[in-house]
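To start, the structure itself, in structure tokens.
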Amino acid sequence: MSDLIHIDDLHIRTIIGINPDERVNRQDVFVSLTLETDMRAAAASDNIEDAVNYRTLTKEVFDMVEQSEFLLVERMAEEIARLCLKDERVTAVRVRVDKPGALRFARSVAVEIERERD
């Protein structure tokens with residue numbers, strides 16, 4: 001069994017989409033992450049050096065997405081997963097990116113991917 005860290009609905013404004021107005025106007029996206037890790041060392045030591053620093057990781061994700069100009073939500077999710085897996089303590093990640101208002105009559109469209117360390 002794995003230990004999990006959940007980060008829900010990180011609200012970020014970014015350029016995302018293929019339509020002309022989407023290439024100019026920032027839109028809201030909501031990023032949720034589930035990080036798989038082994039927390040036993042951190043739990044035993046009570047030391048942040050032994051843990052996935054989810055505050056630092058969240059800031060990195062926020063900055064990358066905010067500065068990005070991806071065409072596809074799929075690409076955004078993939079790049080977020082790559083960023084999360086740079087921390088060697090993260091063995092797998094589930095990334096969900098919601099794009100509110102992407103479809104008429106739908107509250108949101110979401111893409112969810114899972115990636116593991118090679």
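In the structure tokens, the first chain shown is A, the next is B, and so on; residue numbers restart at 1 for each chain, and ligands run from 1 in the order shown.
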### Message
Need the shell around Val90 in chain A: protein/DNA/RNA residues with any atom at most 7 Å away, counting only C-alpha atoms. Skip same-chain ones fewer than 3 positions apart. Format as a PyMOL selection string?
### Response
chain A and resi 35-37+85+87
### Message
To test your reading of the structure, identify every residue in range 53-91 of chain A that backbone DSSP assigns to alpha helix (DSSP H), and report it as a PyMOL selection string.
### Response
chain A and resi 54-67+73-85
### Task
Name the residues in contact with Arg26 in chain A at a cut-off of 12 Å, using only C-alpha atoms, excluding same-chain residues fewer than 3 positions from it; report them as a count of residues only.
18
Residue neighbourhood Lys59 in chain A, 12 Å, only C-alpha atoms, exclusion window fewer than 5 positions, as a PDB file with all heavy atoms, in the first residue's frame:
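Result file result_22.pdb:
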ATOM      1  N   ILE A   7      -3.709  17.206  -3.233  1.00  0.00           N
ATOM      2  CA  ILE A   7      -3.802  18.658  -3.365  1.00  0.00           C
ATOM      3  C   ILE A   7      -4.984  18.897  -4.286  1.00  0.00           C
ATOM      4  O   ILE A   7      -4.963  18.465  -5.449  1.00  0.00           O
ATOM      5  CB  ILE A   7      -2.508  19.252  -3.947  1.00  0.00           C
ATOM      6  CG1 ILE A   7      -1.328  18.919  -3.028  1.00  0.00           C
ATOM      7  CG2 ILE A   7      -2.651  20.757  -4.152  1.00  0.00           C
ATOM      8  CD1 ILE A   7       0.033  19.183  -3.634  1.00  0.00           C
ATOM      9  N   LEU A  10      -6.200  23.552  -7.096  1.00  0.00           N
ATOM     10  CA  LEU A  10      -5.299  24.693  -7.151  1.00  0.00           C
ATOM     11  C   LEU A  10      -5.786  25.598  -8.282  1.00  0.00           C
ATOM     12  O   LEU A  10      -5.821  25.193  -9.446  1.00  0.00           O
ATOM     13  CB  LEU A  10      -3.875  24.193  -7.412  1.00  0.00           C
ATOM     14  CG  LEU A  10      -2.759  25.209  -7.467  1.00  0.00           C
ATOM     15  CD1 LEU A  10      -2.643  25.944  -6.130  1.00  0.00           C
ATOM     16  CD2 LEU A  10      -1.446  24.521  -7.819  1.00  0.00           C
ATOM     17  N   HIS A  11      -6.174  26.804  -7.947  1.00  0.00           N
ATOM     18  CA  HIS A  11      -6.798  27.734  -8.898  1.00  0.00           C
ATOM     19  C   HIS A  11      -5.716  28.587  -9.558  1.00  0.00           C
ATOM     20  O   HIS A  11      -5.013  29.333  -8.883  1.00  0.00           O
ATOM     21  CB  HIS A  11      -7.797  28.620  -8.153  1.00  0.00           C
ATOM     22  CG  HIS A  11      -8.562  29.552  -9.025  1.00  0.00           C
ATOM     23  ND1 HIS A  11      -9.371  30.522  -8.516  1.00  0.00           N
ATOM     24  CD2 HIS A  11      -8.655  29.670 -10.372  1.00  0.00           C
ATOM     25  CE1 HIS A  11      -9.919  31.199  -9.503  1.00  0.00           C
ATOM     26  NE2 HIS A  11      -9.503  30.692 -10.631  1.00  0.00           N
ATOM     27  N   ILE A  12      -5.611  28.470 -10.894  1.00  0.00           N
ATOM     28  CA  ILE A  12      -4.563  29.165 -11.636  1.00  0.00           C
ATOM     29  C   ILE A  12      -5.187  29.818 -12.873  1.00  0.00           C
ATOM     30  O   ILE A  12      -6.033  29.230 -13.535  1.00  0.00           O
ATOM     31  CB  ILE A  12      -3.446  28.194 -12.079  1.00  0.00           C
ATOM     32  CG1 ILE A  12      -2.962  27.356 -10.885  1.00  0.00           C
ATOM     33  CG2 ILE A  12      -2.296  28.969 -12.712  1.00  0.00           C
ATOM     34  CD1 ILE A  12      -2.048  26.209 -11.276  1.00  0.00           C
ATOM     35  N   ASN A  53       7.933  18.072   0.016  1.00  0.00           N
ATOM     36  CA  ASN A  53       7.513  19.410   0.436  1.00  0.00           C
ATOM     37  C   ASN A  53       6.424  19.876  -0.530  1.00  0.00           C
ATOM     38  O   ASN A  53       6.702  20.450  -1.576  1.00  0.00           O
ATOM     39  CB  ASN A  53       8.699  20.366   0.451  1.00  0.00           C
ATOM     40  CG  ASN A  53       8.354  21.702   1.070  1.00  0.00           C
ATOM     41  OD1 ASN A  53       7.215  22.164   0.990  1.00  0.00           O
ATOM     42  ND2 ASN A  53       9.336  22.334   1.682  1.00  0.00           N
ATOM     43  N   TYR A  54       5.195  19.586  -0.170  1.00  0.00           N
ATOM     44  CA  TYR A  54       4.096  19.882  -1.091  1.00  0.00           C
ATOM     45  C   TYR A  54       3.852  21.368  -1.257  1.00  0.00           C
ATOM     46  O   TYR A  54       3.296  21.793  -2.258  1.00  0.00           O
ATOM     47  CB  TYR A  54       2.814  19.135  -0.727  1.00  0.00           C
ATOM     48  CG  TYR A  54       2.409  19.191   0.716  1.00  0.00           C
ATOM     49  CD1 TYR A  54       1.714  20.259   1.227  1.00  0.00           C
ATOM     50  CD2 TYR A  54       2.725  18.141   1.579  1.00  0.00           C
ATOM     51  CE1 TYR A  54       1.337  20.302   2.559  1.00  0.00           C
ATOM     52  CE2 TYR A  54       2.355  18.166   2.902  1.00  0.00           C
ATOM     53  CZ  TYR A  54       1.661  19.264   3.384  1.00  0.00           C
ATOM     54  OH  TYR A  54       1.289  19.309   4.700  1.00  0.00           O
ATOM     55  N   MET A  64       4.684  27.299 -13.139  1.00  0.00           N
ATOM     56  CA  MET A  64       4.806  26.741 -14.480  1.00  0.00           C
ATOM     57  C   MET A  64       3.504  26.919 -15.270  1.00  0.00           C
ATOM     58  O   MET A  64       3.517  27.368 -16.413  1.00  0.00           O
ATOM     59  CB  MET A  64       5.181  25.255 -14.401  1.00  0.00           C
ATOM     60  CG  MET A  64       5.491  24.613 -15.753  1.00  0.00           C
ATOM     61  SD  MET A  64       4.090  23.904 -16.624  1.00  0.00           S
ATOM     62  CE  MET A  64       3.710  22.531 -15.582  1.00  0.00           C
ATOM     63  N   VAL A  65       2.379  26.588 -14.646  1.00  0.00           N
ATOM     64  CA  VAL A  65       1.096  26.693 -15.349  1.00  0.00           C
ATOM     65  C   VAL A  65       0.756  28.148 -15.637  1.00  0.00           C
ATOM     66  O   VAL A  65       0.328  28.481 -16.745  1.00  0.00           O
ATOM     67  CB  VAL A  65      -0.028  26.005 -14.546  1.00  0.00           C
ATOM     68  CG1 VAL A  65      -1.392  26.295 -15.160  1.00  0.00           C
ATOM     69  CG2 VAL A  65       0.219  24.508 -14.473  1.00  0.00           C
ATOM     70  N   GLU A  66       0.965  29.015 -14.681  1.00  0.00           N
ATOM     71  CA  GLU A  66       0.643  30.435 -14.863  1.00  0.00           C
ATOM     72  C   GLU A  66       1.426  31.045 -16.027  1.00  0.00           C
ATOM     73  O   GLU A  66       0.909  31.876 -16.764  1.00  0.00           O
ATOM     74  CB  GLU A  66       0.928  31.199 -13.576  1.00  0.00           C
ATOM     75  CG  GLU A  66       0.496  32.654 -13.636  1.00  0.00           C
ATOM     76  CD  GLU A  66       0.767  33.383 -12.343  1.00  0.00           C
ATOM     77  OE1 GLU A  66       1.902  33.291 -11.824  1.00  0.00           O
ATOM     78  OE2 GLU A  66      -0.160  34.042 -11.854  1.00  0.00           O
ATOM     79  N   ILE A  80       2.723  18.924 -15.950  1.00  0.00           N
ATOM     80  CA  ILE A  80       2.567  18.951 -14.493  1.00  0.00           C
ATOM     81  C   ILE A  80       3.048  17.636 -13.893  1.00  0.00           C
ATOM     82  O   ILE A  80       3.764  17.614 -12.888  1.00  0.00           O
ATOM     83  CB  ILE A  80       1.110  19.241 -14.095  1.00  0.00           C
ATOM     84  CG1 ILE A  80       0.715  20.670 -14.502  1.00  0.00           C
ATOM     85  CG2 ILE A  80       0.894  19.025 -12.596  1.00  0.00           C
ATOM     86  CD1 ILE A  80      -0.775  20.950 -14.421  1.00  0.00           C
ATOM     87  N   LEU A  83       6.817  17.489 -13.844  1.00  0.00           N
ATOM     88  CA  LEU A  83       7.337  18.345 -12.780  1.00  0.00           C
ATOM     89  C   LEU A  83       7.234  17.654 -11.427  1.00  0.00           C
ATOM     90  O   LEU A  83       8.181  17.660 -10.632  1.00  0.00           O
ATOM     91  CB  LEU A  83       6.582  19.678 -12.773  1.00  0.00           C
ATOM     92  CG  LEU A  83       7.016  20.708 -11.753  1.00  0.00           C
ATOM     93  CD1 LEU A  83       8.469  21.119 -11.950  1.00  0.00           C
ATOM     94  CD2 LEU A  83       6.118  21.927 -11.851  1.00  0.00           C
ATOM     95  N   CYS A  84       6.107  17.029 -11.161  1.00  0.00           N
ATOM     96  CA  CYS A  84       5.914  16.330  -9.881  1.00  0.00           C
ATOM     97  C   CYS A  84       6.874  15.168  -9.717  1.00  0.00           C
ATOM     98  O   CYS A  84       7.363  14.900  -8.614  1.00  0.00           O
ATOM     99  CB  CYS A  84       4.472  15.839  -9.757  1.00  0.00           C
ATOM    100  SG  CYS A  84       3.259  17.159  -9.606  1.00  0.00           S
TER     101      CYS A  84
END
#### Entry: All strand (DSSP E) residues (DSSP, backbone) inside range 65-107 of chain A, as a PyMOL selection string
chain A and resi 92-100
Deliver the residues from the most recent selection as a file, using C-alpha atoms, as a compact mmCIF listing (two decimals), in the first residue's frame.
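Output file again.txt follows:
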# COMPACT_ATOMS: atom_id res chain seq x y z
CA ALA A 92 3.61 8.15 -9.07
CA VAL A 93 1.24 11.04 -9.64
CA ARG A 94 -2.36 11.53 -10.71
CA VAL A 95 -3.03 14.93 -12.29
CA ARG A 96 -6.47 16.34 -12.97
CA VAL A 97 -6.87 19.64 -14.83
CA ASP A 98 -10.34 21.17 -14.96
CA LYS A 99 -11.10 23.91 -17.46
CA PRO A 100 -14.40 25.59 -16.50
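Summary of the local environment: counting only C-alpha atoms, residues at most 7 Å from Asp8 in chain A, other than itself and those fewer than 3 positions away along its chain, are A:Val31, A:Ser32, A:Leu33.
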Save the residues we just selected, N, CA and C atoms, as an mmCIF file, in the first residue's frame?
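As written to disk, part.cif reads:
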data_model
loop_
_atom_site.group_PDB
_atom_site.id
_atom_site.type_symbol
_atom_site.label_atom_id
_atom_site.label_comp_id
_atom_site.auth_asym_id
_atom_site.auth_seq_id
_atom_site.Cartn_x
_atom_site.Cartn_y
_atom_site.Cartn_z
ATOM 1 N N VAL A 31 -6.222 22.670 -10.823
ATOM 2 C CA VAL A 31 -5.313 21.536 -10.861
ATOM 3 C C VAL A 31 -5.421 20.776 -9.547
ATOM 4 N N SER A 32 -5.644 19.467 -9.650
ATOM 5 C CA SER A 32 -5.658 18.587 -8.480
ATOM 6 C C SER A 32 -4.592 17.520 -8.680
ATOM 7 N N LEU A 33 -3.874 17.228 -7.602
ATOM 8 C CA LEU A 33 -2.778 16.274 -7.644
ATOM 9 C C LEU A 33 -2.948 15.214 -6.571
#
